[in-house]
$ cat target-v5.txt   # compact mmCIF, C-alpha atoms and all ligand atoms
# COMPACT_ATOMS: atom_id res chain seq x y z
CA MET A 23 10.04 16.96 -11.04
CA SER A 24 10.77 14.54 -13.83
CA LYS A 25 7.48 13.33 -15.27
CA GLN A 26 8.80 9.86 -16.15
CA LYS A 27 9.98 9.26 -12.66
CA TYR A 28 6.86 10.53 -10.93
CA THR A 29 4.98 7.63 -9.48
CA PHE A 30 1.75 6.84 -7.73
CA SER A 31 1.06 4.01 -5.37
CA VAL A 32 -1.52 2.48 -3.08
CA ALA A 33 -0.21 2.16 0.47
CA PRO A 34 0.54 -1.07 2.29
CA MET A 35 -2.35 -1.66 4.68
CA MET A 36 -2.55 -4.63 7.06
CA ASP A 37 -5.71 -6.63 6.62
CA TRP A 38 -6.67 -4.48 3.64
CA THR A 39 -4.15 -4.74 0.78
CA ASP A 40 -4.13 -8.51 0.56
CA ARG A 41 -3.88 -10.22 -2.79
CA HIS A 42 -7.62 -9.96 -3.50
CA CYS A 43 -7.62 -6.25 -2.81
CA ARG A 44 -4.57 -5.72 -5.00
CA PHE A 45 -6.11 -7.72 -7.83
CA PHE A 46 -9.16 -5.47 -7.62
CA HIS A 47 -7.10 -2.28 -7.58
CA ARG A 48 -5.15 -3.53 -10.55
CA LEU A 49 -8.36 -3.79 -12.54
CA ILE A 50 -8.84 -0.06 -11.98
CA THR A 51 -5.27 1.11 -12.55
CA ARG A 52 -2.79 -0.73 -14.71
CA HIS A 53 0.25 1.26 -13.61
CA ALA A 54 0.03 2.39 -9.99
CA GLN A 55 2.51 0.59 -7.78
CA LEU A 56 0.73 -1.74 -5.36
CA TYR A 57 2.05 -2.84 -1.98
CA THR A 58 1.41 -5.92 0.11
CA GLU A 59 0.43 -5.76 3.73
CA MET A 60 3.48 -5.77 5.97
CA VAL A 61 4.89 -9.25 6.44
CA THR A 62 7.63 -9.81 8.99
CA ALA A 63 10.96 -11.17 7.84
CA ARG A 64 10.67 -13.85 10.50
CA ALA A 65 7.28 -14.98 9.27
CA LEU A 66 8.73 -15.44 5.81
CA ILE A 67 11.80 -17.28 7.02
CA TYR A 68 10.15 -19.53 9.59
CA GLY A 69 6.57 -19.63 8.33
CA ASP A 70 4.73 -20.59 5.20
CA ALA A 71 6.51 -18.20 2.84
CA ALA A 72 4.71 -19.45 -0.25
CA ARG A 73 1.32 -18.72 1.29
CA LEU A 74 2.38 -15.37 2.75
CA MET A 75 3.85 -14.16 -0.53
CA ARG A 76 1.20 -15.52 -2.85
CA PHE A 77 0.11 -13.10 -5.52
CA ASP A 78 -1.37 -13.13 -8.99
CA VAL A 79 1.10 -12.19 -11.74
CA ARG A 80 -1.56 -9.83 -13.07
CA GLU A 81 -0.99 -7.68 -9.96
CA HIS A 82 2.35 -6.41 -11.29
CA PRO A 83 3.97 -3.99 -10.55
CA VAL A 84 3.78 -5.08 -6.94
CA ALA A 85 6.07 -4.45 -3.98
CA ILE A 86 6.35 -6.47 -0.81
CA GLN A 87 6.64 -4.64 2.48
CA LEU A 88 8.82 -6.27 5.12
CA GLY A 89 8.90 -5.69 8.85
CA GLY A 90 12.00 -6.44 10.85
CA ALA A 91 15.18 -4.99 12.30
CA GLU A 92 17.62 -7.86 11.89
CA PRO A 93 19.79 -7.22 8.81
CA LEU A 94 20.49 -10.88 8.05
CA GLU A 95 16.87 -11.91 8.50
CA LEU A 96 15.70 -9.04 6.31
CA ALA A 97 18.25 -10.01 3.67
CA ARG A 98 16.98 -13.60 3.63
CA ALA A 99 13.39 -12.40 3.43
CA ALA A 100 14.21 -9.90 0.66
CA LYS A 101 15.80 -12.67 -1.37
CA LEU A 102 12.74 -14.87 -0.92
CA ALA A 103 10.57 -11.98 -2.07
CA GLU A 104 12.70 -11.32 -5.13
CA ASP A 105 12.65 -15.00 -6.04
CA ALA A 106 8.87 -14.99 -5.65
CA GLY A 107 8.68 -12.24 -8.30
CA TYR A 108 8.09 -9.00 -6.39
CA ASN A 109 9.56 -6.00 -8.14
CA GLU A 110 10.41 -3.91 -5.06
CA VAL A 111 11.07 -4.64 -1.42
CA ASN A 112 10.06 -1.98 1.07
CA LEU A 113 11.13 -1.76 4.69
CA ASN A 114 8.51 -0.67 7.22
CA VAL A 115 9.84 2.16 9.39
CA GLY A 116 6.45 3.65 10.13
CA CYS A 117 4.19 1.21 11.90
CA PRO A 118 3.54 2.13 15.54
CA SER A 119 1.57 -0.88 16.83
CA ASP A 120 2.51 -2.49 20.15
CA ARG A 121 3.20 -5.79 18.47
CA VAL A 122 5.65 -4.10 16.15
CA GLN A 123 7.26 -2.10 18.96
CA SER A 124 7.91 -5.18 21.04
CA GLY A 125 9.99 -6.43 18.13
CA ALA A 126 11.60 -2.94 18.07
CA PHE A 127 10.93 -2.44 14.40
CA GLY A 128 8.49 -0.34 12.41
CA ALA A 129 8.38 3.29 13.55
CA ALA A 130 10.69 2.56 16.50
CA LEU A 131 13.48 2.34 13.92
CA MET A 132 13.20 6.10 13.31
CA ALA A 133 15.37 6.37 16.44
CA ASN A 134 18.06 4.14 14.96
CA PRO A 135 18.99 5.29 11.45
CA ALA A 136 22.31 3.40 11.55
CA LEU A 137 20.43 0.13 12.05
CA VAL A 138 18.06 0.98 9.19
CA ALA A 139 21.11 1.63 7.00
CA ASP A 140 22.52 -1.77 8.01
CA CYS A 141 19.21 -3.45 7.20
CA VAL A 142 19.01 -1.79 3.81
CA THR A 143 22.64 -2.60 3.05
CA ALA A 144 22.13 -6.27 3.89
CA MET A 145 18.97 -6.47 1.78
CA ALA A 146 20.42 -4.63 -1.20
CA ALA A 147 23.47 -6.89 -1.15
CA VAL A 148 21.40 -9.93 -2.06
CA VAL A 149 18.71 -8.60 -4.42
CA GLN A 150 18.60 -6.78 -7.74
CA ILE A 151 15.18 -5.22 -7.16
CA PRO A 152 15.02 -1.77 -5.50
CA VAL A 153 15.06 -1.63 -1.72
CA THR A 154 12.92 1.26 -0.48
CA VAL A 155 11.96 2.65 2.92
CA LYS A 156 8.57 3.83 4.19
CA CYS A 157 9.00 6.02 7.24
CA ARG A 158 7.44 8.76 9.37
CA ILE A 159 8.78 12.30 9.80
CA GLY A 160 9.67 11.35 13.36
CA ILE A 161 8.56 9.66 16.55
CA ASP A 162 7.77 10.76 20.08
CA GLU A 163 9.87 13.69 21.24
CA GLN A 164 11.97 13.84 18.09
CA GLU A 165 12.17 17.24 16.37
CA PRO A 166 11.62 16.21 12.75
CA HIS A 167 13.53 19.18 11.32
CA GLU A 168 16.57 17.94 13.23
CA THR A 169 16.18 14.17 13.18
CA LEU A 170 14.55 13.49 9.79
CA PRO A 171 17.47 14.94 7.77
CA VAL A 172 19.88 12.78 9.78
CA PHE A 173 17.72 9.73 9.21
CA ILE A 174 17.51 10.35 5.46
CA GLU A 175 21.22 11.15 5.14
CA THR A 176 22.25 8.05 7.05
CA VAL A 177 19.93 5.66 5.25
CA SER A 178 20.53 7.13 1.79
CA ALA A 179 24.26 6.55 2.28
CA ALA A 180 23.26 2.87 2.14
CA PRO A 181 21.84 1.54 -1.14
CA CYS A 182 18.42 3.15 -0.78
CA ASP A 183 17.37 6.15 -2.84
CA THR A 184 13.61 5.96 -2.42
CA PHE A 185 11.75 7.12 0.67
CA ILE A 186 8.02 7.12 1.09
CA ILE A 187 7.36 9.53 3.91
CA HIS A 188 4.15 9.46 5.93
CA ALA A 189 4.09 13.15 6.76
CA ARG A 190 3.26 12.92 10.45
CA LYS A 191 4.99 11.77 13.58
CA ALA A 192 4.08 8.55 15.34
CA TRP A 193 3.63 8.54 19.10
CA LEU A 194 4.77 5.14 20.27
CA LYS A 195 3.32 5.61 23.74
CA GLY A 196 -0.21 6.79 24.32
CA LEU A 197 -1.73 6.64 20.85
CA SER A 198 -3.28 3.62 19.17
CA PRO A 199 -2.20 2.75 15.62
CA LYS A 200 -5.46 4.25 14.38
CA GLN A 201 -4.93 7.49 16.31
CA ASN A 202 -1.39 7.57 14.97
CA ARG A 203 -2.86 7.81 11.48
CA ASN A 204 -5.03 10.80 12.38
CA VAL A 205 -3.92 12.69 15.45
CA PRO A 206 -0.32 13.85 14.88
CA PRO A 207 -0.55 16.82 12.50
CA LEU A 208 0.47 16.46 8.87
CA ASP A 209 3.56 18.34 7.78
CA TYR A 210 3.93 18.14 4.01
CA ASP A 211 6.50 20.94 4.05
CA MET A 212 8.82 18.74 6.08
CA VAL A 213 8.72 16.17 3.28
CA ARG A 214 9.26 18.86 0.63
CA SER A 215 12.28 20.17 2.52
CA ILE A 216 13.87 16.71 2.34
CA LYS A 217 13.45 16.70 -1.43
CA MET A 218 14.97 20.17 -1.67
CA ALA A 219 17.98 19.05 0.34
CA HIS A 220 18.29 15.80 -1.64
CA PRO A 221 17.14 16.38 -5.21
CA ASP A 222 18.70 13.06 -6.29
CA LEU A 223 16.57 11.00 -3.96
CA THR A 224 13.10 9.77 -4.87
CA ILE A 225 10.78 11.23 -2.26
CA ILE A 226 7.16 10.09 -2.22
CA LEU A 227 4.49 11.79 -0.14
CA ASN A 228 2.02 9.85 1.99
CA GLY A 229 -0.57 10.75 4.58
CA GLY A 230 -3.98 12.39 4.46
CA LEU A 231 -4.17 12.66 0.67
CA ARG A 232 -7.90 12.94 0.07
CA ASP A 233 -8.22 12.38 -3.64
CA VAL A 234 -6.12 12.34 -6.78
CA PRO A 235 -6.07 16.11 -7.47
CA HIS A 236 -5.11 16.74 -3.83
CA ALA A 237 -2.37 14.09 -4.03
CA LEU A 238 -0.94 15.49 -7.24
CA ALA A 239 -1.06 19.09 -6.04
CA GLN A 240 0.62 18.34 -2.72
CA SER A 241 3.35 16.25 -4.31
CA GLU A 242 4.04 18.56 -7.23
CA THR A 243 7.66 19.18 -6.25
CA LEU A 244 8.15 15.57 -5.21
CA ASP A 245 8.52 12.27 -7.05
CA GLY A 246 5.22 10.70 -6.29
CA ALA A 247 2.29 10.18 -4.00
CA MET A 248 1.11 7.16 -2.06
CA MET A 249 -2.52 6.97 -1.10
CA GLY A 250 -3.96 4.66 1.54
CA ARG A 251 -7.40 4.98 3.08
CA ALA A 252 -8.97 7.19 0.43
CA ALA A 253 -7.96 4.75 -2.33
CA TYR A 254 -9.35 1.83 -0.36
CA GLN A 255 -12.63 3.48 0.49
CA THR A 256 -13.30 5.09 -2.88
CA PRO A 257 -11.22 2.96 -5.24
CA TRP A 258 -12.72 4.37 -8.41
CA MET A 259 -10.59 7.47 -7.91
CA LEU A 260 -7.69 5.28 -9.06
CA ALA A 261 -9.28 5.11 -12.52
CA LYS A 262 -7.74 8.47 -13.44
CA ILE A 263 -4.21 7.55 -12.44
CA ASP A 264 -3.07 5.86 -15.64
CA THR A 265 -3.92 8.92 -17.71
CA LEU A 266 -3.07 11.68 -15.26
CA VAL A 267 0.12 10.24 -13.80
CA PHE A 268 1.44 7.72 -16.27
CA GLY A 269 0.38 9.57 -19.42
CA LYS A 270 -1.48 6.61 -20.90
CA THR A 271 -4.09 7.31 -23.51
CA GLY A 272 -7.14 5.19 -24.21
CA SER A 273 -10.60 4.85 -22.88
CA GLY A 274 -9.65 3.86 -19.32
CA PRO A 275 -11.33 1.27 -17.16
CA VAL A 276 -15.07 0.58 -17.36
CA LYS A 277 -17.00 -0.54 -14.30
CA GLU A 278 -18.93 -3.22 -16.22
CA ASP A 279 -15.63 -4.80 -17.32
CA ILE A 280 -14.30 -4.66 -13.80
CA VAL A 281 -17.36 -6.43 -12.46
CA ALA A 282 -17.03 -9.08 -15.18
CA ALA A 283 -13.37 -9.62 -14.30
CA LEU A 284 -14.24 -9.86 -10.62
CA ILE A 285 -16.89 -12.48 -11.33
CA GLU A 286 -14.36 -14.55 -13.26
CA TYR A 287 -11.76 -14.09 -10.55
CA ALA A 288 -14.22 -15.01 -7.80
CA ALA A 289 -15.31 -18.12 -9.70
CA HIS A 290 -11.72 -19.32 -9.90
CA GLU A 291 -10.88 -18.39 -6.31
CA THR A 292 -13.98 -19.86 -4.69
CA GLU A 293 -13.47 -23.10 -6.62
CA ASN A 294 -10.07 -23.23 -4.98
CA GLY A 295 -11.40 -22.68 -1.48
CA THR A 296 -11.29 -18.89 -1.00
CA PRO A 297 -14.42 -17.69 0.82
CA LEU A 298 -16.25 -15.22 -1.40
CA HIS A 299 -16.37 -12.67 1.38
CA ALA A 300 -12.55 -12.50 1.43
CA ILE A 301 -12.81 -10.95 -2.02
CA THR A 302 -16.04 -8.95 -1.81
CA ARG A 303 -15.10 -7.11 1.39
CA HIS A 304 -12.60 -5.10 -0.66
CA ILE A 305 -14.95 -4.12 -3.46
CA MET A 306 -17.67 -2.45 -1.39
CA GLY A 307 -16.59 1.04 -2.47
CA LEU A 308 -16.58 0.47 -6.23
CA PHE A 309 -19.81 2.38 -6.77
CA ALA A 310 -19.37 4.87 -3.91
CA GLY A 311 -21.32 8.04 -4.56
CA GLN A 312 -23.34 6.49 -7.38
CA PRO A 313 -27.06 5.61 -7.35
CA GLY A 314 -27.48 2.01 -6.30
CA ALA A 315 -24.26 1.94 -4.30
CA ARG A 316 -26.14 1.03 -1.16
CA ASN A 317 -27.80 -1.96 -2.85
CA TRP A 318 -24.45 -3.14 -4.12
CA ARG A 319 -22.97 -2.99 -0.63
CA ARG A 320 -26.02 -4.52 1.01
CA THR A 321 -26.18 -7.48 -1.38
CA LEU A 322 -22.47 -8.15 -0.98
CA SER A 323 -22.44 -7.86 2.79
CA GLU A 324 -25.57 -9.97 3.29
CA ASP A 325 -25.02 -12.69 0.69
CA ALA A 326 -21.26 -13.11 0.35
CA PRO A 327 -20.61 -14.48 3.88
CA ARG A 328 -23.20 -17.26 3.40
CA PRO A 329 -21.77 -20.77 3.14
CA GLY A 330 -21.25 -21.81 -0.45
CA ALA A 331 -21.59 -18.26 -1.80
CA GLY A 332 -20.04 -17.92 -5.23
CA PRO A 333 -19.57 -15.39 -8.04
CA GLU A 334 -23.32 -15.20 -8.64
CA VAL A 335 -23.48 -12.92 -5.57
CA ILE A 336 -21.33 -10.34 -7.35
CA ALA A 337 -23.56 -10.65 -10.42
CA LYS A 338 -26.64 -10.11 -8.26
CA ALA A 339 -25.08 -7.12 -6.50
CA ALA A 340 -24.09 -5.66 -9.85
CA GLN A 341 -27.61 -6.08 -11.12
CA ALA A 342 -28.75 -3.95 -8.21
CA VAL A 343 -26.58 -1.11 -9.43
CA LEU A 344 -25.95 -1.69 -13.13
CA GLY A 345 -29.36 -3.06 -14.12
CA GLU A 346 -30.56 -5.96 -16.18
CA LEU A 347 -27.19 -6.51 -17.85
CA TRP A 348 -26.12 -8.47 -14.82
CA ALA A 349 -29.17 -10.62 -14.47
CA ALA A 350 -28.04 -14.13 -13.63
C1 LIG B 1 -5.93 -0.52 7.97
C2 LIG B 1 -4.55 0.06 7.79
C3 LIG B 1 -3.44 -0.77 7.84
C4 LIG B 1 -2.14 -0.26 7.65
N1 LIG B 1 -1.09 -1.12 7.62
C5 LIG B 1 0.15 -0.65 7.27
C6 LIG B 1 1.24 -1.53 7.02
O1 LIG B 1 1.12 -2.77 7.08
N2 LIG B 1 2.44 -0.98 6.71
C7 LIG B 1 2.62 0.37 6.61
O2 LIG B 1 3.72 0.83 6.30
N3 LIG B 1 1.60 1.22 6.82
C8 LIG B 1 0.38 0.73 7.13
N4 LIG B 1 -0.68 1.61 7.25
C9 LIG B 1 -0.45 3.03 7.05
C10 LIG B 1 -0.67 3.41 5.57
O3 LIG B 1 0.23 2.75 4.74
C11 LIG B 1 -0.50 4.92 5.37
O4 LIG B 1 0.81 5.28 5.70
C12 LIG B 1 -1.46 5.73 6.26
O5 LIG B 1 -2.77 5.19 6.24
C13 LIG B 1 -1.50 7.19 5.83
O6 LIG B 1 -1.93 7.29 4.48
P1 LIG B 1 -3.47 7.68 4.12
O7 LIG B 1 -3.79 8.92 4.90
O8 LIG B 1 -3.46 7.91 2.64
O9 LIG B 1 -4.31 6.53 4.53
C14 LIG B 1 -1.96 1.12 7.45
C15 LIG B 1 -3.09 1.95 7.40
C16 LIG B 1 -4.37 1.43 7.55
C17 LIG B 1 -5.56 2.36 7.45
$ encode --input "target-v5.txt" --output "structure tokens" --more "lines below"
Ligand SMILES: Cc1cc2nc3c(=O)[nH]c(=O)nc-3n(C[C@H](O)[C@H](O)[C@H](O)COP(=O)(O)O)c2cc1C
Amino acid sequence: MSKQKYTFSVAPMMDWTDRHCRFFHRLITRHAQLYTEMVTARALIYGDAARLMRFDVREHPVAIQLGGAEPLELARAAKLAEDAGYNEVNLNVGCPSDRVQSGAFGAALMANPALVADCVTAMAAVVQIPVTVKCRIGIDEQEPHETLPVFIETVSAAPCDTFIIHARKAWLKGLSPKQNRNVPPLDYDMVRSIKMAHPDLTIILNGGLRDVPHALAQSETLDGAMMGRAAYQTPWMLAKIDTLVFGKTGSGPVKEDIVAALIEYAAHETENGTPLHAITRHIMGLFAGQPGARNWRRTLSEDAPRPGAGPEVIAKAAQAVLGELWAA
């Protein structure tokens, strides 16, 4: 494993990793790669692309995740994303929801590696930024040890050398998206075997990584780890990433500074029409496991949804956990 190349990211999560969430995560880690929620290529082409792709430049490095299975549409969407300033475009080959299946993209694409290769080829032809793929180890009746190597070989013959692999199958029939994130067993060895067969590819492990030490240990022979739910629920674990993964020295983030930055951010956003709750719903876990955490959560969840709520709610919630410093 080359230390420079090793990377750490927070997973794309619909309804969770919106721009407010990413801004918050960026306050905790300067260097982890952040991902948008999945946005369909069609939504970008035919919808309000500027709104859908909006992000704060301070979120960098940030990748957009696209959903789709139409090479020309994906290429157009990738170009829009590059022009908007994203530094990576990722293709979703892992999402099992019905809505996604009816468009025959997401995890359904695991059954059609040639089409994924076409999609990646079309996207890479029009952008300079890396085109990456996030996939499963397989779907339905597939035997991952047979089908995953074919998938990786076929897609890596196109201009894609980075695969983020969620180390479990997806069952397209019979399991809900939520069950598909928990029920099919994890198989980290399957992901490691892909790296052994393709040392030149960048292979990033995802799925069930509980905390940073677990993520680093399980991905030791790989090129990185991507963490989803654990990072969202207990975001402070990301505070160690810059030192442990990216070798940065310095004092690291401080919760008081993060709260101050959030107050400033919320002031600006609420002035421009963002409901406070759209921001505070992502920051509930900041003090997880610490005395006062319950007061922080309670103040945010009771006061932030009220009409006209502004940054003072975050200050009040912080006072509940950090003390007088945050008195209004
Ligand atoms: C609420 C939620 C939404 C998700 N949305 C997406 C998505 O838009 N695109 C995607 O590739 N994966 C999505 N996922 C899957 C995660 O990216 C990740 O692969 C999965 O949660 C396993 O990682 P974890 O065990 O670290 O959470 C979502 C997961 C959750 C919990």
$ atom_distance --input "target-v5.txt" --atom1 "CA of Glu242 (chain A)" --atom2 "CA of Asn228 (chain A)"
12.8 Å
$ atom_distance --input "target-v5.txt" --atom1 "CA of Ala139 (chain A)" --atom2 "CA of Ala247 (chain A)"
23.4 Å
$ residues_around --input "target-v5.txt" --residues "region 85-94 of chain A" --least-positions-apart "3" --cutoff "9 Å" --atoms "only C-alpha atoms" --output "count of residues only"
42
$ atom_distance --input "target-v5.txt" --atom1 "CA of Ile187 (chain A)" --atom2 "CA of Val213 (chain A)"
6.8 Å
$ closest_residue --input "target-v5.txt" --among "A:Pro181, A:Gly230, A:Gly345, A:Gly196" --to "ligand LIG 1 (chain B)" --atoms "only C-alpha atoms and all ligand atoms"
A:Gly230
$ closest_atom_pairs --input "target-v5.txt" --of "region 236-280 of chain A" --to "region 306-311 of chain A" --cutoff "10 Å" --atoms "only C-alpha atoms" --output "JSON lines"
{"residue": "A:Ala253", "atom": "CA", "partner": "A:Gly307", "partner_atom": "CA", "distance": 9.4}
{"residue": "A:Tyr254", "atom": "CA", "partner": "A:Gly307", "partner_atom": "CA", "distance": 7.6}
{"residue": "A:Gln255", "atom": "CA", "partner": "A:Gly307", "partner_atom": "CA", "distance": 5.5}
{"residue": "A:Thr256", "atom": "CA", "partner": "A:Gly307", "partner_atom": "CA", "distance": 5.2}
{"residue": "A:Pro257", "atom": "CA", "partner": "A:Leu308", "partner_atom": "CA", "distance": 6.0}
{"residue": "A:Trp258", "atom": "CA", "partner": "A:Leu308", "partner_atom": "CA", "distance": 5.9}
{"residue": "A:Met259", "atom": "CA", "partner": "A:Leu308", "partner_atom": "CA", "distance": 9.4}
{"residue": "A:Lys277", "atom": "CA", "partner": "A:Leu308", "partner_atom": "CA", "distance": 8.1}
{"residue": "A:Ile280", "atom": "CA", "partner": "A:Leu308", "partner_atom": "CA", "distance": 9.4}
$ write_last_selection --input "target-v5.txt" --atoms "C-alpha atoms" --output "CSV table (one decimal), in the frame of the given file"
chain,number,residue,atom,x,y,z
A,253,ALA,CA,-8.0,4.8,-2.3
A,254,TYR,CA,-9.4,1.8,-0.4
A,255,GLN,CA,-12.6,3.5,0.5
A,256,THR,CA,-13.3,5.1,-2.9
A,257,PRO,CA,-11.2,3.0,-5.2
A,258,TRP,CA,-12.7,4.4,-8.4
A,259,MET,CA,-10.6,7.5,-7.9
A,277,LYS,CA,-17.0,-0.5,-14.3
A,280,ILE,CA,-14.3,-4.7,-13.8
$ closest_residue --input "target-v5.txt" --among "A:Asn134, A:Gln312, A:Asn202, A:Thr224" --to "ligand LIG 1 (chain B)" --atoms "only C-alpha atoms and all ligand atoms"
A:Asn202
$ residues_around --input "target-v5.txt" --residues "Glu324 (chain A)" --least-positions-apart "3" --cutoff "12 Å" --atoms "all atoms listed in the file" --output "list in words"
Leu298, His299, Thr302, Arg303, Met306, Arg316, Asn317, Trp318, Arg319, Arg320, Thr321, Pro327, Arg328, Pro329, Ala331, Val335, Ile336, Lys338 and Ala339 of chain A
$ write_last_selection --input "target-v5.txt" --atoms "C-alpha atoms" --output "short mmCIF file (atom, residue, chain, number, x, y, z; two decimals), in the coordinates of the input"
data_model
loop_
_atom_site.label_atom_id
_atom_site.label_comp_id
_atom_site.auth_asym_id
_atom_site.auth_seq_id
_atom_site.Cartn_x
_atom_site.Cartn_y
_atom_site.Cartn_z
CA LEU A 298 -16.25 -15.22 -1.40
CA HIS A 299 -16.37 -12.67 1.38
CA THR A 302 -16.04 -8.95 -1.81
CA ARG A 303 -15.10 -7.11 1.39
CA MET A 306 -17.67 -2.45 -1.39
CA ARG A 316 -26.14 1.03 -1.16
CA ASN A 317 -27.80 -1.96 -2.85
CA TRP A 318 -24.45 -3.14 -4.12
CA ARG A 319 -22.97 -2.99 -0.63
CA ARG A 320 -26.02 -4.52 1.01
CA THR A 321 -26.18 -7.48 -1.38
CA PRO A 327 -20.61 -14.48 3.88
CA ARG A 328 -23.20 -17.26 3.40
CA PRO A 329 -21.77 -20.77 3.14
CA ALA A 331 -21.59 -18.26 -1.80
CA VAL A 335 -23.48 -12.92 -5.57
CA ILE A 336 -21.33 -10.34 -7.35
CA LYS A 338 -26.64 -10.11 -8.26
CA ALA A 339 -25.08 -7.12 -6.50
#
$ closest_residue --input "target-v5.txt" --among "A:Ala340, A:Val155, A:Leu244, A:Ala106" --to "Arg73 (chain A)" --atoms "all atoms listed in the file"
A:Ala106
$ closest_residue --input "target-v5.txt" --among "A:Ala239, A:Ile285, A:Ile225, A:Leu231" --to "Arg251 (chain A)" --atoms "only C-alpha atoms"
A:Leu231
$ residues_near_point --input "target-v5.txt" --point "(-4.6, 9.0, -0.6)" --cutoff "6 Å" --atoms "only C-alpha atoms" --output "MDAnalysis selection string"
chainID A and resid 231:233 249:250 252:253
$ residues_around --input "target-v5.txt" --residues "Leu284 (chain A)" --least-positions-apart "6" --cutoff "9 Å" --atoms "only C-alpha atoms" --output "PyMOL selection string"
chain A and resi 45-46+49+301+333+336
$ build_atoms --input "target-v5.txt" --residues "region 205-224 of chain A" --atoms "N, CA and C atoms" --output "compact mmCIF listing (two decimals), in the frame of the given file"
# COMPACT_ATOMS: atom_id res chain seq x y z
N VAL A 205 -4.11 11.63 14.45
CA VAL A 205 -3.92 12.69 15.45
C VAL A 205 -2.67 13.55 15.21
N PRO A 206 -1.49 12.96 15.07
CA PRO A 206 -0.32 13.85 14.88
C PRO A 206 -0.50 14.67 13.59
N PRO A 207 -0.26 15.97 13.67
CA PRO A 207 -0.55 16.82 12.50
C PRO A 207 0.32 16.47 11.29
N LEU A 208 -0.27 16.68 10.11
CA LEU A 208 0.47 16.46 8.87
C LEU A 208 1.43 17.61 8.63
N ASP A 209 2.58 17.30 8.09
CA ASP A 209 3.56 18.34 7.78
C ASP A 209 4.18 18.03 6.41
N TYR A 210 3.43 18.41 5.36
CA TYR A 210 3.93 18.14 4.01
C TYR A 210 5.21 18.93 3.71
N ASP A 211 5.31 20.13 4.32
CA ASP A 211 6.50 20.94 4.05
C ASP A 211 7.78 20.24 4.51
N MET A 212 7.65 19.47 5.59
CA MET A 212 8.82 18.74 6.08
C MET A 212 9.31 17.76 5.00
N VAL A 213 8.36 17.12 4.33
CA VAL A 213 8.72 16.17 3.28
C VAL A 213 9.33 16.92 2.09
N ARG A 214 8.73 18.07 1.76
CA ARG A 214 9.26 18.86 0.63
C ARG A 214 10.67 19.33 0.93
N SER A 215 10.94 19.65 2.19
CA SER A 215 12.28 20.17 2.52
C SER A 215 13.33 19.06 2.34
N ILE A 216 12.92 17.82 2.56
CA ILE A 216 13.87 16.71 2.34
C ILE A 216 14.21 16.61 0.86
N LYS A 217 13.19 16.76 0.02
CA LYS A 217 13.45 16.70 -1.43
C LYS A 217 14.36 17.85 -1.86
N MET A 218 14.13 19.03 -1.28
CA MET A 218 14.97 20.17 -1.67
C MET A 218 16.42 19.93 -1.28
N ALA A 219 16.61 19.31 -0.12
CA ALA A 219 17.98 19.05 0.34
C ALA A 219 18.61 17.88 -0.41
N HIS A 220 17.78 17.01 -0.97
CA HIS A 220 18.29 15.80 -1.64
C HIS A 220 17.60 15.61 -2.98
N PRO A 221 17.87 16.49 -3.93
CA PRO A 221 17.14 16.38 -5.21
C PRO A 221 17.35 15.04 -5.91
N ASP A 222 18.44 14.34 -5.60
CA ASP A 222 18.70 13.06 -6.29
C ASP A 222 17.89 11.91 -5.73
N LEU A 223 17.34 12.10 -4.55
CA LEU A 223 16.57 11.00 -3.96
C LEU A 223 15.14 11.02 -4.50
N THR A 224 14.52 9.87 -4.50
CA THR A 224 13.10 9.77 -4.87
C THR A 224 12.29 9.89 -3.58
